file run-v4.cif (mmCIF, C-alpha atoms)
data_my_file
#
loop_
_atom_site.label_atom_id
_atom_site.label_comp_id
_atom_site.auth_asym_id
_atom_site.auth_seq_id
_atom_site.Cartn_x
_atom_site.Cartn_y
_atom_site.Cartn_z
CA MET S 1 -29.67 11.73 20.79
CA ASN S 2 -26.36 12.20 19.01
CA LEU S 3 -25.05 8.79 17.82
CA ASN S 4 -21.52 9.62 18.93
CA ARG S 5 -22.59 10.36 22.50
CA LEU S 6 -24.87 7.33 22.56
CA ALA S 7 -22.05 5.04 21.37
CA TRP S 8 -19.71 6.40 24.06
CA ARG S 9 -22.31 5.85 26.80
CA ASN S 10 -23.07 2.33 25.56
CA LEU S 11 -19.40 1.35 25.91
CA TRP S 12 -19.39 2.13 29.62
CA ARG S 13 -22.51 0.16 30.38
CA ARG S 14 -20.16 -2.82 30.71
CA LYS S 15 -17.10 -1.09 32.18
CA ARG S 16 -15.16 -4.23 33.00
CA ARG S 17 -15.57 -5.70 29.53
CA THR S 18 -14.64 -2.40 27.86
CA MET S 19 -11.54 -2.04 30.02
CA ILE S 20 -10.43 -5.62 29.37
CA THR S 21 -10.86 -5.18 25.63
CA GLY S 22 -9.09 -1.81 25.72
CA PHE S 23 -6.20 -3.37 27.60
CA SER S 24 -5.93 -6.15 25.03
CA VAL S 25 -5.65 -3.52 22.29
CA ALA S 26 -3.06 -1.66 24.38
CA PHE S 27 -1.06 -4.84 24.90
CA GLY S 28 -1.23 -5.47 21.16
CA VAL S 29 0.23 -2.00 20.56
CA MET S 30 3.11 -2.74 22.94
CA LEU S 31 3.83 -6.09 21.27
CA ALA S 32 3.67 -4.55 17.81
CA VAL S 33 6.07 -1.77 18.85
CA THR S 34 8.45 -4.33 20.35
CA PHE S 35 8.53 -6.59 17.28
CA THR S 36 8.67 -3.76 14.76
CA GLY S 37 11.15 -1.72 16.80
CA ALA S 38 13.47 -4.70 17.27
CA GLY S 39 13.37 -5.30 13.53
CA ASP S 40 14.05 -1.66 12.66
CA TYR S 41 16.96 -1.59 15.14
CA PHE S 42 18.59 -4.89 14.16
CA TYR S 43 18.19 -4.39 10.41
CA THR S 44 19.72 -0.92 10.60
CA ARG S 45 22.60 -2.20 12.75
CA MET S 46 23.25 -5.11 10.40
CA ILE S 47 23.17 -2.93 7.29
CA ASP S 48 25.41 -0.27 8.86
CA ALA S 49 27.87 -2.90 10.11
CA GLY S 50 27.97 -4.54 6.69
CA ALA S 51 28.57 -1.15 5.06
CA SER S 52 31.48 -0.42 7.41
CA MET S 53 33.16 -3.70 6.49
CA GLY S 54 34.21 -2.33 3.13
CA MET S 55 31.46 -1.80 0.57
CA GLY S 56 29.40 1.03 2.07
CA HIS S 57 25.65 1.52 1.76
CA VAL S 58 26.24 2.35 -1.90
CA THR S 59 29.26 1.13 -3.85
CA ILE S 60 30.84 2.72 -6.91
CA GLU S 61 33.16 0.24 -8.56
CA ALA S 62 34.72 -0.77 -11.85
CA VAL S 63 32.29 -2.24 -14.36
CA ASP S 64 31.75 -5.99 -13.83
CA TYR S 65 33.98 -6.01 -10.74
CA HIS S 66 31.19 -7.30 -8.52
CA ARG S 67 30.32 -10.22 -10.81
CA ALA S 68 33.95 -11.27 -11.35
CA PRO S 69 36.32 -9.51 -8.92
CA SER S 70 39.79 -8.93 -10.34
CA LEU S 71 42.51 -6.43 -9.53
CA LYS S 72 42.81 -5.82 -13.26
CA LYS S 73 39.45 -4.02 -13.08
CA ARG S 74 39.97 -0.64 -11.53
CA LEU S 75 38.08 2.59 -11.05
CA GLN S 76 39.78 5.68 -12.46
CA HIS S 77 39.62 9.33 -11.41
CA VAL S 78 38.46 8.25 -7.95
CA GLU S 79 39.17 11.62 -6.34
CA SER S 80 36.76 13.52 -8.61
CA LEU S 81 34.15 10.75 -8.20
CA ARG S 82 34.57 10.94 -4.44
CA GLU S 83 34.32 14.74 -4.27
CA LYS S 84 31.12 14.75 -6.31
CA ALA S 85 29.49 12.08 -4.11
CA LEU S 86 30.43 13.98 -0.93
CA GLN S 87 28.38 16.96 -2.12
CA LEU S 88 25.11 15.01 -2.06
CA PRO S 89 22.93 15.80 0.98
CA GLN S 90 22.31 12.23 2.21
CA VAL S 91 25.98 11.22 1.99
CA SER S 92 27.85 11.06 5.29
CA ASP S 93 31.23 9.82 4.05
CA VAL S 94 32.99 8.34 1.00
CA MET S 95 36.05 6.07 1.28
CA THR S 96 38.50 5.09 -1.45
CA ARG S 97 39.37 1.39 -1.12
CA ILE S 98 41.14 -1.44 -2.89
CA THR S 99 39.96 -4.95 -2.08
CA GLY S 100 41.36 -8.23 -3.28
CA GLN S 101 42.65 -11.68 -2.46
CA ALA S 102 46.17 -12.34 -1.24
CA MET S 103 48.42 -14.95 0.28
CA PHE S 104 49.88 -13.95 3.64
CA ALA S 105 53.13 -15.56 4.78
CA SER S 106 55.22 -15.38 7.92
CA ALA S 107 58.43 -17.18 8.79
CA SER S 108 56.48 -20.28 9.79
CA LYS S 109 53.35 -20.51 7.65
CA SER S 110 51.28 -19.23 4.69
CA VAL S 111 47.53 -18.52 4.73
CA GLY S 112 45.16 -17.32 2.01
CA GLY S 113 42.90 -14.40 2.75
CA MET S 114 41.58 -10.98 1.76
CA PHE S 115 42.96 -7.49 2.07
CA ILE S 116 41.41 -4.06 2.09
CA ALA S 117 43.65 -1.10 1.30
CA VAL S 118 42.52 2.19 2.83
CA ASP S 119 43.52 5.82 3.13
CA PRO S 120 43.89 6.51 6.88
CA ALA S 121 42.82 10.12 6.33
CA GLN S 122 39.40 8.96 5.13
CA GLU S 123 38.83 6.23 7.69
CA ASN S 124 37.49 6.42 11.24
CA SER S 125 35.76 4.20 13.76
CA GLU S 126 32.34 5.22 12.44
CA ASN S 127 32.83 4.11 8.84
CA ASN S 128 35.32 1.26 9.37
CA LEU S 129 34.48 -1.77 11.50
CA PHE S 130 38.11 -2.91 11.59
CA ILE S 131 39.30 0.33 13.19
CA ARG S 132 36.81 0.15 16.03
CA SER S 133 37.72 -3.53 16.50
CA ILE S 134 41.46 -2.95 17.03
CA ILE S 135 42.52 -4.67 20.25
CA GLU S 136 46.27 -4.17 19.99
CA GLY S 137 48.40 -1.53 18.30
CA SER S 138 46.88 1.37 16.38
CA MET S 139 45.45 2.46 13.06
CA LEU S 140 47.69 2.89 10.01
CA SER S 141 49.53 6.19 10.34
CA SER S 142 50.15 6.87 6.66
CA PRO S 143 48.77 5.74 3.28
CA GLU S 144 52.33 5.18 2.12
CA GLY S 145 53.74 3.12 4.98
CA ARG S 146 54.69 -0.53 5.07
CA ASN S 147 52.41 -1.45 7.94
CA ILE S 148 49.62 -4.00 8.10
CA ILE S 149 46.73 -4.61 10.51
CA VAL S 150 45.62 -8.24 10.69
CA GLY S 151 42.72 -10.16 12.21
CA SER S 152 43.34 -11.85 15.54
CA LYS S 153 42.83 -15.39 14.23
CA LEU S 154 45.01 -14.68 11.19
CA ALA S 155 47.73 -13.51 13.58
CA GLN S 156 47.38 -16.78 15.50
CA LYS S 157 47.62 -18.87 12.34
CA LEU S 158 50.78 -17.07 11.21
CA HIS S 159 52.24 -16.80 14.75
CA LEU S 160 52.39 -13.02 14.42
CA ARG S 161 52.97 -10.40 17.08
CA MET S 162 53.31 -6.65 16.98
CA GLY S 163 56.28 -5.60 14.87
CA LYS S 164 56.61 -8.94 13.04
CA LYS S 165 57.04 -8.99 9.26
CA VAL S 166 54.44 -10.38 6.85
CA VAL S 167 54.81 -11.05 3.14
CA TYR S 168 51.63 -10.64 1.13
CA THR S 169 51.38 -11.96 -2.43
CA THR S 170 48.73 -11.06 -4.98
CA THR S 171 48.34 -10.29 -8.70
CA ASP S 172 48.93 -6.86 -10.16
CA VAL S 173 47.10 -4.90 -12.84
CA HIS S 174 48.71 -7.03 -15.57
CA GLY S 175 47.89 -10.34 -13.91
CA GLU S 176 51.48 -10.89 -12.76
CA ILE S 177 52.24 -12.27 -9.30
CA VAL S 178 53.70 -9.59 -7.02
CA SER S 179 54.80 -9.56 -3.37
CA ALA S 180 55.57 -6.97 -0.71
CA ILE S 181 56.68 -6.94 2.89
CA ALA S 182 54.72 -5.26 5.68
CA ARG S 183 55.18 -5.02 9.42
CA VAL S 184 52.33 -5.72 11.86
CA SER S 185 51.23 -2.47 13.50
CA GLY S 186 47.85 -3.58 14.78
CA ILE S 187 45.54 -6.52 15.42
CA PHE S 188 41.74 -6.33 15.23
CA GLU S 189 39.03 -8.67 16.48
CA THR S 190 35.52 -8.24 15.09
CA GLY S 191 34.10 -11.36 16.71
CA ILE S 192 33.38 -12.96 13.32
CA SER S 193 35.66 -15.98 12.93
CA GLU S 194 35.67 -15.91 9.13
CA VAL S 195 36.71 -12.24 9.08
CA ASP S 196 39.26 -12.39 11.89
CA GLY S 197 40.90 -15.43 10.31
CA ALA S 198 41.31 -14.11 6.77
CA MET S 199 41.26 -10.29 6.63
CA ALA S 200 44.04 -7.69 6.72
CA MET S 201 44.11 -3.92 6.26
CA LEU S 202 46.89 -2.19 4.29
CA PRO S 203 47.82 1.42 3.38
CA ILE S 204 46.35 2.30 -0.01
CA HIS S 205 49.28 4.12 -1.63
CA SER S 206 51.67 1.28 -0.86
CA VAL S 207 49.24 -1.20 -2.39
CA GLN S 208 48.77 1.01 -5.45
CA LYS S 209 52.53 0.89 -6.08
CA VAL S 210 52.63 -2.89 -5.65
CA LEU S 211 49.68 -3.43 -8.02
CA GLY S 212 50.81 -0.91 -10.62
CA TYR S 213 47.82 1.38 -10.03
CA GLN S 214 47.96 5.12 -10.58
CA VAL S 215 47.48 7.34 -7.51
CA ASP S 216 43.95 8.14 -8.72
CA GLU S 217 42.89 4.51 -9.20
CA ALA S 218 41.13 2.04 -6.88
CA THR S 219 38.70 -0.85 -7.09
CA LEU S 220 35.79 0.90 -5.39
CA LEU S 221 34.36 3.83 -3.51
CA GLY S 222 32.30 2.98 -0.42
CA ILE S 223 29.57 5.53 0.31
CA ILE S 224 28.18 5.80 3.84
CA LEU S 225 24.71 7.34 4.08
CA LYS S 226 23.13 9.15 7.00
CA ASP S 227 20.15 6.80 6.69
CA GLN S 228 20.47 3.38 5.06
CA ARG S 229 16.83 3.49 3.92
CA PHE S 230 17.83 5.85 1.12
CA SER S 231 20.39 3.46 -0.40
CA LYS S 232 18.27 2.50 -3.42
CA SER S 233 17.27 6.07 -4.26
CA MET S 234 20.88 7.20 -3.84
CA ARG S 235 22.05 4.38 -6.08
CA ASP S 236 19.57 5.47 -8.78
CA LYS S 237 20.58 9.11 -8.40
CA LEU S 238 24.30 8.37 -8.80
CA ALA S 239 23.76 5.95 -11.70
CA ALA S 240 21.89 8.67 -13.59
CA MET S 241 24.81 11.12 -13.34
CA PRO S 242 27.05 11.31 -16.45
CA LEU S 243 30.15 11.36 -14.22
CA TYR S 244 29.46 7.76 -13.13
CA SER S 245 28.50 6.42 -16.56
CA LYS S 246 31.74 4.43 -16.85
CA ALA S 247 31.36 2.92 -13.40
CA GLU S 248 28.95 0.46 -11.82
CA VAL S 249 26.82 1.75 -8.94
CA LEU S 250 25.37 -0.79 -6.50
CA SER S 251 23.17 -0.50 -3.44
CA TRP S 252 24.03 -2.62 -0.40
CA GLN S 253 21.26 -5.04 -1.44
CA GLN S 254 23.24 -5.73 -4.63
CA SER S 255 26.74 -5.70 -3.17
CA GLN S 256 25.74 -7.88 -0.19
CA PRO S 257 22.98 -10.16 -1.57
CA GLU S 258 23.35 -12.76 1.19
CA LEU S 259 22.67 -10.17 3.90
CA ALA S 260 19.80 -8.69 1.88
CA GLY S 261 18.23 -12.12 1.42
CA MET S 262 18.43 -13.04 5.09
CA ILE S 263 16.96 -9.68 6.13
CA ALA S 264 14.10 -10.19 3.64
CA VAL S 265 13.34 -13.63 5.11
CA ASP S 266 13.50 -12.30 8.66
CA LYS S 267 11.22 -9.39 7.73
CA SER S 268 8.66 -11.82 6.31
CA SER S 269 8.51 -13.76 9.57
CA ASN S 270 8.26 -10.45 11.45
CA TYR S 271 5.31 -9.40 9.28
CA ILE S 272 3.57 -12.70 10.03
CA SER S 273 4.05 -12.08 13.77
CA GLN S 274 2.60 -8.60 13.35
CA LEU S 275 -0.39 -9.98 11.47
CA LEU S 276 -1.08 -12.54 14.21
CA ILE S 277 -0.94 -9.79 16.84
CA GLY S 278 -3.40 -7.72 14.81
CA LEU S 279 -5.76 -10.67 14.38
CA LEU S 280 -5.71 -11.37 18.13
CA VAL S 281 -6.60 -7.74 18.83
CA ALA S 282 -9.35 -7.85 16.20
CA ALA S 283 -10.70 -11.12 17.66
CA GLY S 284 -10.97 -9.47 21.10
CA ILE S 285 -12.92 -6.53 19.72
CA LEU S 286 -15.13 -8.83 17.61
CA ASN S 287 -15.96 -10.89 20.68
CA THR S 288 -16.79 -7.81 22.76
CA MET S 289 -18.96 -6.18 20.12
CA LEU S 290 -20.76 -9.41 19.21
CA MET S 291 -21.61 -10.10 22.85
CA SER S 292 -22.83 -6.52 23.19
CA VAL S 293 -25.07 -6.90 20.13
CA LEU S 294 -26.53 -10.23 21.26
CA GLU S 295 -27.27 -8.87 24.74
CA ARG S 296 -29.09 -5.83 23.32
CA THR S 297 -31.22 -7.55 20.68
CA ARG S 298 -34.49 -6.50 22.35
CA GLU S 299 -33.17 -2.96 22.82
CA PHE S 300 -32.35 -2.72 19.13
CA GLY S 301 -35.83 -4.00 18.29
CA VAL S 302 -37.38 -1.20 20.32
CA MET S 303 -35.11 1.39 18.68
CA MET S 304 -36.09 0.22 15.19
CA ALA S 305 -39.75 0.03 16.17
CA VAL S 306 -39.76 3.69 17.14
CA GLY S 307 -38.16 4.72 13.87
CA MET S 308 -34.41 4.15 13.90
CA ALA S 309 -33.22 2.93 10.50
CA PRO S 310 -31.02 -0.17 10.21
CA GLY S 311 -28.32 2.04 8.69
CA ALA S 312 -28.29 4.27 11.78
CA LEU S 313 -28.03 1.19 13.98
CA PHE S 314 -25.09 -0.02 11.89
CA ARG S 315 -23.35 3.36 12.35
CA LEU S 316 -24.00 3.22 16.09
CA ILE S 317 -22.22 -0.12 16.51
CA MET S 318 -19.37 1.03 14.24
CA LEU S 319 -18.99 4.14 16.39
CA GLU S 320 -18.76 1.93 19.47
CA SER S 321 -15.99 -0.05 17.73
CA PHE S 322 -14.31 3.23 16.82
CA TRP S 323 -14.27 4.51 20.38
CA LEU S 324 -13.15 1.13 21.71
CA ALA S 325 -10.22 1.23 19.30
CA VAL S 326 -9.38 4.81 20.31
CA ILE S 327 -9.42 3.87 24.01
CA GLY S 328 -7.15 0.89 23.35
CA LEU S 329 -4.69 2.86 21.22
CA ILE S 330 -4.43 5.70 23.76
CA ALA S 331 -3.90 3.21 26.58
CA GLY S 332 -1.35 1.42 24.38
CA ILE S 333 0.61 4.62 23.79
CA ILE S 334 0.60 5.39 27.52
CA ILE S 335 1.95 1.97 28.60
CA THR S 336 4.33 1.65 25.64
CA ILE S 337 6.20 4.95 26.04
CA PRO S 338 8.14 3.98 29.22
CA TRP S 339 8.79 0.51 27.77
CA TYR S 340 10.08 2.04 24.54
CA ILE S 341 12.36 4.47 26.39
CA TYR S 342 13.86 1.63 28.43
CA MET S 343 14.36 -0.65 25.43
CA ALA S 344 15.78 2.14 23.26
CA ASN S 345 18.35 3.23 25.83
CA THR S 346 19.12 0.10 27.88
CA GLY S 347 17.70 -2.97 26.15
CA ILE S 348 17.99 -6.62 27.11
CA ASP S 349 21.39 -8.34 27.06
CA LEU S 350 21.12 -11.60 25.07
CA SER S 351 24.85 -12.42 25.08
CA GLY S 352 24.24 -15.35 27.41
CA ALA S 353 21.92 -16.95 24.86
CA TYR S 354 23.97 -16.27 21.73
CA GLY S 355 27.55 -16.48 22.99
CA ASP S 356 30.47 -14.42 21.76
CA ASP S 357 30.12 -15.06 18.02
CA PHE S 358 26.79 -13.30 17.45
CA ASN S 359 26.66 -12.62 13.70
CA PHE S 360 24.06 -12.65 10.97
CA ALA S 361 25.09 -13.39 7.36
CA GLY S 362 28.70 -12.66 8.29
CA VAL S 363 27.84 -9.32 9.93
CA LEU S 364 28.55 -8.80 13.61
CA LEU S 365 25.54 -7.88 15.75
CA ASP S 366 25.13 -6.23 19.11
CA PRO S 367 23.92 -8.94 21.54
CA VAL S 368 21.90 -6.31 23.43
CA MET S 369 18.34 -6.29 22.13
CA LYS S 370 17.11 -2.74 21.66
CA ILE S 371 14.24 -1.21 19.73
CA ARG S 372 14.03 1.75 17.39
CA LEU S 373 11.01 2.91 15.42
CA PHE S 374 11.01 4.81 12.17
CA GLN S 375 8.15 7.27 11.61
CA GLU S 376 6.56 5.09 8.94
CA SER S 377 6.60 2.13 11.34
CA ILE S 378 4.70 4.13 13.97
CA VAL S 379 2.07 5.14 11.41
CA ALA S 380 1.79 1.55 10.14
CA ILE S 381 1.26 0.14 13.66
CA LEU S 382 -1.40 2.65 14.69
CA LEU S 383 -3.19 2.64 11.35
CA GLY S 384 -3.03 -1.15 11.03
CA LEU S 385 -4.45 -1.87 14.49
CA PHE S 386 -7.07 0.85 14.12
CA THR S 387 -8.22 -0.55 10.76
CA LEU S 388 -8.41 -4.10 12.11
CA ALA S 389 -10.40 -2.85 15.12
CA LEU S 390 -12.94 -1.17 12.88
CA ALA S 391 -13.12 -4.18 10.59
CA ALA S 392 -13.82 -6.41 13.61
CA GLY S 393 -16.87 -4.31 14.46
CA ALA S 394 -18.35 -4.52 10.96
CA TYR S 395 -20.00 -7.94 11.37
CA PRO S 396 -21.70 -7.21 14.73
CA ALA S 397 -22.89 -3.87 13.30
CA TRP S 398 -24.30 -5.59 10.22
CA ARG S 399 -25.97 -8.25 12.36
CA ALA S 400 -27.58 -5.63 14.61
CA GLY S 401 -29.41 -4.04 11.70
CA ARG S 402 -30.48 -7.30 10.04
CA ILE S 403 -32.83 -8.69 12.66
CA PRO S 404 -36.49 -7.64 12.03
CA PRO S 405 -37.97 -5.53 14.89
CA VAL S 406 -40.75 -8.07 15.58
CA GLU S 407 -38.22 -10.90 16.02
CA SER S 408 -36.04 -8.65 18.19
CA LEU S 409 -38.94 -7.85 20.49
CA LYS S 410 -39.64 -11.54 20.98
CA THR S 411 -36.18 -11.96 22.54
CA ILE S 412 -36.12 -12.01 26.31
#
call {"tool": "encode", "arguments": {"input": "run-v4.cif", "output": "structure tokens"}}
result
Amino acid sequence: MNLNRLAWRNLWRRKRRTMITGFSVAFGVMLAVTFTGAGDYFYTRMIDAGASMGMGHVTIEAVDYHRAPSLKKRLQHVESLREKALQLPQVSDVMTRITGQAMFASASKSVGGMFIAVDPAQENSENNLFIRSIIEGSMLSSPEGRNIIVGSKLAQKLHLRMGKKVVYTTTDVHGEIVSAIARVSGIFETGISEVDGAMAMLPIHSVQKVLGYQVDEATLLGIILKDQRFSKSMRDKLAAMPLYSKAEVLSWQQSQPELAGMIAVDKSSNYISQLLIGLLVAAGILNTMLMSVLERTREFGVMMAVGMAPGALFRLIMLESFWLAVIGLIAGIIITIPWYIYMANTGIDLSGAYGDDFNFAGVLLDPVMKIRLFQESIVAILLGLFTLALAAGAYPAWRAGRIPPVESLKTI
């Protein structure tokens, strides 16, 4: 008889046990999809949110600016650098920005903080977190205006309202202290206390004049990618271009090392969880196959006595493990699809557990838990569980072919 057909028939001799084991594999698939999908979703959201806070997925900046930020260090010919980057296929957007430290003062108080100068024509709610977080007023109307958009907590500290004047003081390109007056045209609230209490957004051309920059100079270009997973390859591609030889090109892992480190730690714990799930699935299959082998010791003795080789018996048990794994994976896909659709579109609201200030390494997160799977994650889950299932059947298969026929026939 064909070993494949015999293995399939043997599985259904104990239907209940086969179904229970198949369900355990299916449940393992659902758990693996949930853990991996939650990781893929949250990591992507965190990285995209961090990119929209100023630096982008890939940052082109003045040499040594990242190590020792200073407004003296500036990127030149930013328009040509920007146009070239926009031509690359994976690039979604490129923003010209000036970032630096400043002292903000109102009629009643002074507070230290950070500013980001932007060109309103290049900014939108997709690539700028501060724009989509505006709760009062509107976005800067012109790159040359005297307006300012401040964080909600910074506005509270300085007792600011819409239309009020703010004096910001910083150092120019020569290291001299310079000041300018701006009028509040908007207030944003990201939900991150540190950001809302110290950040302001200014029009880039006005800041260039204050700092003594040329129109074609800035501190950095923030590149937004269509898929954050290509940030390292894009960084390498840009760094190899002669046009960017006088600039420093950084991936988000380099420009935001704290976020990258925390994601790496979280991924490690996620991998451990995945491994435990796989081991539990493998233990279930090992238990099922070992019990099946022990129950059929006499049967195996008869089969070897009539001429079946130990190698053929080993292949038979491995085929049973194979089909058991296939049954479990198919069942897992069937029960996981509706769960995945629900979690991808609706998710579970965790705002009650985390509160209003739900951030990770200074990056605001969506309190609704959703899942999203990349193609490589799907392949890794199915291949990983399938491999563990086959590995779990190796010992029972080896044991089945090791018992001498005479000893097997003695077993009642």
call {"tool": "resolve_selection", "arguments": {"input": "run-v4.cif", "expression": "the PyMOL selection byres ((chain S and resi 113-122) around 9)", "output": "VMD selection string"}}
result
chain S and resid 54 93 to 104 111 to 112 123 to 124 127 139 to 144 154 195 197 to 208
call {"tool": "closest_atom_pairs", "arguments": {"input": "run-v4.cif", "of": "segment 222-291 of chain S", "to": "segment 75-79 of chain S", "cutoff": "12 Å", "atoms": "only C-alpha atoms", "output": "Markdown table"}}
result
| residue | atom | partner | partner_atom | distance |
| --- | --- | --- | --- | --- |
| S:Gly222 | CA | S:Val78 | CA | 11.1 |
| S:Leu243 | CA | S:His77 | CA | 10.1 |
| S:Tyr244 | CA | S:Leu75 | CA | 10.3 |
| S:Ser245 | CA | S:Leu75 | CA | 11.7 |
| S:Lys246 | CA | S:Leu75 | CA | 8.8 |
| S:Ala247 | CA | S:Leu75 | CA | 7.1 |
| S:Glu248 | CA | S:Leu75 | CA | 9.4 |
| S:Val249 | CA | S:Leu75 | CA | 11.5 |
call {"tool": "atom_distance", "arguments": {"input": "run-v4.cif", "atom1": "atom CA of Met241 of chain S", "atom2": "atom CA of Gln228 of chain S"}}
result
20.4 Å
call {"tool": "closest_atom_pairs", "arguments": {"input": "run-v4.cif", "of": "segment 3-81 of chain S", "to": "segment 374-377 of chain S", "cutoff": "12 Å", "atoms": "all atoms listed in the file", "output": "tab-separated table"}}
result
residue	atom	partner	partner_atom	distance
S:Val29	CA	S:Ser377	CA	11.9
S:Ala32	CA	S:Ser377	CA	9.8
S:Val33	CA	S:Ser377	CA	8.5
S:Thr34	CA	S:Ser377	CA	11.2
S:Phe35	CA	S:Ser377	CA	10.7
S:Thr36	CA	S:Ser377	CA	7.1
S:Gly37	CA	S:Phe374	CA	8.0
S:Ala38	CA	S:Phe374	CA	11.1
S:Gly39	CA	S:Ser377	CA	10.3
S:Asp40	CA	S:Phe374	CA	7.2
S:Tyr41	CA	S:Phe374	CA	9.2
S:Tyr43	CA	S:Phe374	CA	11.8
S:Thr44	CA	S:Phe374	CA	10.5
call {"tool": "closest_residue", "arguments": {"input": "run-v4.cif", "among": "S:Arg13, S:Val173, S:Gly311, S:Asn4", "to": "Gln214 of chain S", "atoms": "all atoms listed in the file"}}
result
S:Val173
call {"tool": "closest_residue", "arguments": {"input": "run-v4.cif", "among": "S:Gly284, S:Gly328, S:Gly137, S:Gly56", "to": "Leu250 of chain S", "atoms": "all atoms listed in the file"}}
result
S:Gly56
call {"tool": "atom_distance", "arguments": {"input": "run-v4.cif", "atom1": "atom CA of Leu350 of chain S", "atom2": "atom CA of Met369 of chain S"}}
result
6.7 Å
call {"tool": "resolve_selection", "arguments": {"input": "run-v4.cif", "expression": "the PyMOL selection byres ((chain S and resi 336) around 12)", "output": "VMD selection string"}}
result
chain S and resid 23 25 to 34 37 328 to 335 337 to 344 371 378
call {"tool": "atom_distance", "arguments": {"input": "run-v4.cif", "atom1": "atom CA of Met53 of chain S", "atom2": "atom CA of Arg161 of chain S"}}
result
23.4 Å
call {"tool": "residues_near_point", "arguments": {"input": "run-v4.cif", "point": "(43.1, 1.6, 18.3)", "cutoff": "12 Å", "atoms": "all atoms listed in the file", "output": "mmCIF file with C-alpha atoms, in the frame of the given file"}}
result
data_model
loop_
_atom_site.group_PDB
_atom_site.id
_atom_site.type_symbol
_atom_site.label_atom_id
_atom_site.label_comp_id
_atom_site.auth_asym_id
_atom_site.auth_seq_id
_atom_site.Cartn_x
_atom_site.Cartn_y
_atom_site.Cartn_z
ATOM 1 C CA ASN S 124 37.490 6.420 11.240
ATOM 2 C CA SER S 125 35.760 4.200 13.760
ATOM 3 C CA ASN S 128 35.320 1.260 9.370
ATOM 4 C CA LEU S 129 34.480 -1.770 11.500
ATOM 5 C CA PHE S 130 38.110 -2.910 11.590
ATOM 6 C CA ILE S 131 39.300 0.330 13.190
ATOM 7 C CA ARG S 132 36.810 0.150 16.030
ATOM 8 C CA SER S 133 37.720 -3.530 16.500
ATOM 9 C CA ILE S 134 41.460 -2.950 17.030
ATOM 10 C CA ILE S 135 42.520 -4.670 20.250
ATOM 11 C CA GLU S 136 46.270 -4.170 19.990
ATOM 12 C CA GLY S 137 48.400 -1.530 18.300
ATOM 13 C CA SER S 138 46.880 1.370 16.380
ATOM 14 C CA MET S 139 45.450 2.460 13.060
ATOM 15 C CA LEU S 140 47.690 2.890 10.010
ATOM 16 C CA SER S 141 49.530 6.190 10.340
ATOM 17 C CA ILE S 149 46.730 -4.610 10.510
ATOM 18 C CA SER S 185 51.230 -2.470 13.500
ATOM 19 C CA GLY S 186 47.850 -3.580 14.780
ATOM 20 C CA ILE S 187 45.540 -6.520 15.420
ATOM 21 C CA PHE S 188 41.740 -6.330 15.230
ATOM 22 C CA GLU S 189 39.030 -8.670 16.480
#
call {"tool": "residues_around", "arguments": {"input": "run-v4.cif", "residues": "Trp323 of chain S", "least_positions_apart": "2", "cutoff": "12 Å", "atoms": "all atoms listed in the file", "output": "mmCIF file with C-alpha atoms, keeping the file's coordinate frame"}}
result
data_model
loop_
_atom_site.group_PDB
_atom_site.id
_atom_site.type_symbol
_atom_site.label_atom_id
_atom_site.label_comp_id
_atom_site.auth_asym_id
_atom_site.auth_seq_id
_atom_site.Cartn_x
_atom_site.Cartn_y
_atom_site.Cartn_z
ATOM 1 C CA LEU S 3 -25.050 8.790 17.820
ATOM 2 C CA ASN S 4 -21.520 9.620 18.930
ATOM 3 C CA ARG S 5 -22.590 10.360 22.500
ATOM 4 C CA LEU S 6 -24.870 7.330 22.560
ATOM 5 C CA ALA S 7 -22.050 5.040 21.370
ATOM 6 C CA TRP S 8 -19.710 6.400 24.060
ATOM 7 C CA ARG S 9 -22.310 5.850 26.800
ATOM 8 C CA ASN S 10 -23.070 2.330 25.560
ATOM 9 C CA LEU S 11 -19.400 1.350 25.910
ATOM 10 C CA TRP S 12 -19.390 2.130 29.620
ATOM 11 C CA THR S 18 -14.640 -2.400 27.860
ATOM 12 C CA MET S 19 -11.540 -2.040 30.020
ATOM 13 C CA THR S 21 -10.860 -5.180 25.630
ATOM 14 C CA GLY S 22 -9.090 -1.810 25.720
ATOM 15 C CA VAL S 25 -5.650 -3.520 22.290
ATOM 16 C CA ILE S 285 -12.920 -6.530 19.720
ATOM 17 C CA MET S 289 -18.960 -6.180 20.120
ATOM 18 C CA LEU S 316 -24.000 3.220 16.090
ATOM 19 C CA ILE S 317 -22.220 -0.120 16.510
ATOM 20 C CA MET S 318 -19.370 1.030 14.240
ATOM 21 C CA LEU S 319 -18.990 4.140 16.390
ATOM 22 C CA GLU S 320 -18.760 1.930 19.470
ATOM 23 C CA SER S 321 -15.990 -0.050 17.730
ATOM 24 C CA ALA S 325 -10.220 1.230 19.300
ATOM 25 C CA VAL S 326 -9.380 4.810 20.310
ATOM 26 C CA ILE S 327 -9.420 3.870 24.010
ATOM 27 C CA GLY S 328 -7.150 0.890 23.350
ATOM 28 C CA LEU S 329 -4.690 2.860 21.220
ATOM 29 C CA ILE S 330 -4.430 5.700 23.760
ATOM 30 C CA PHE S 386 -7.070 0.850 14.120
ATOM 31 C CA ALA S 389 -10.400 -2.850 15.120
ATOM 32 C CA LEU S 390 -12.940 -1.170 12.880
ATOM 33 C CA GLY S 393 -16.870 -4.310 14.460
#
call {"tool": "residues_around", "arguments": {"input": "run-v4.cif", "residues": "Val368 of chain S", "least_positions_apart": "4", "cutoff": "9 Å", "atoms": "only C-alpha atoms", "output": "ChimeraX atom specification"}}
result
/S:346-351
call {"tool": "closest_residue", "arguments": {"input": "run-v4.cif", "among": "S:Arg183, S:Lys267, S:His57, S:Arg235", "to": "Ser92 of chain S", "atoms": "only C-alpha atoms"}}
result
S:His57
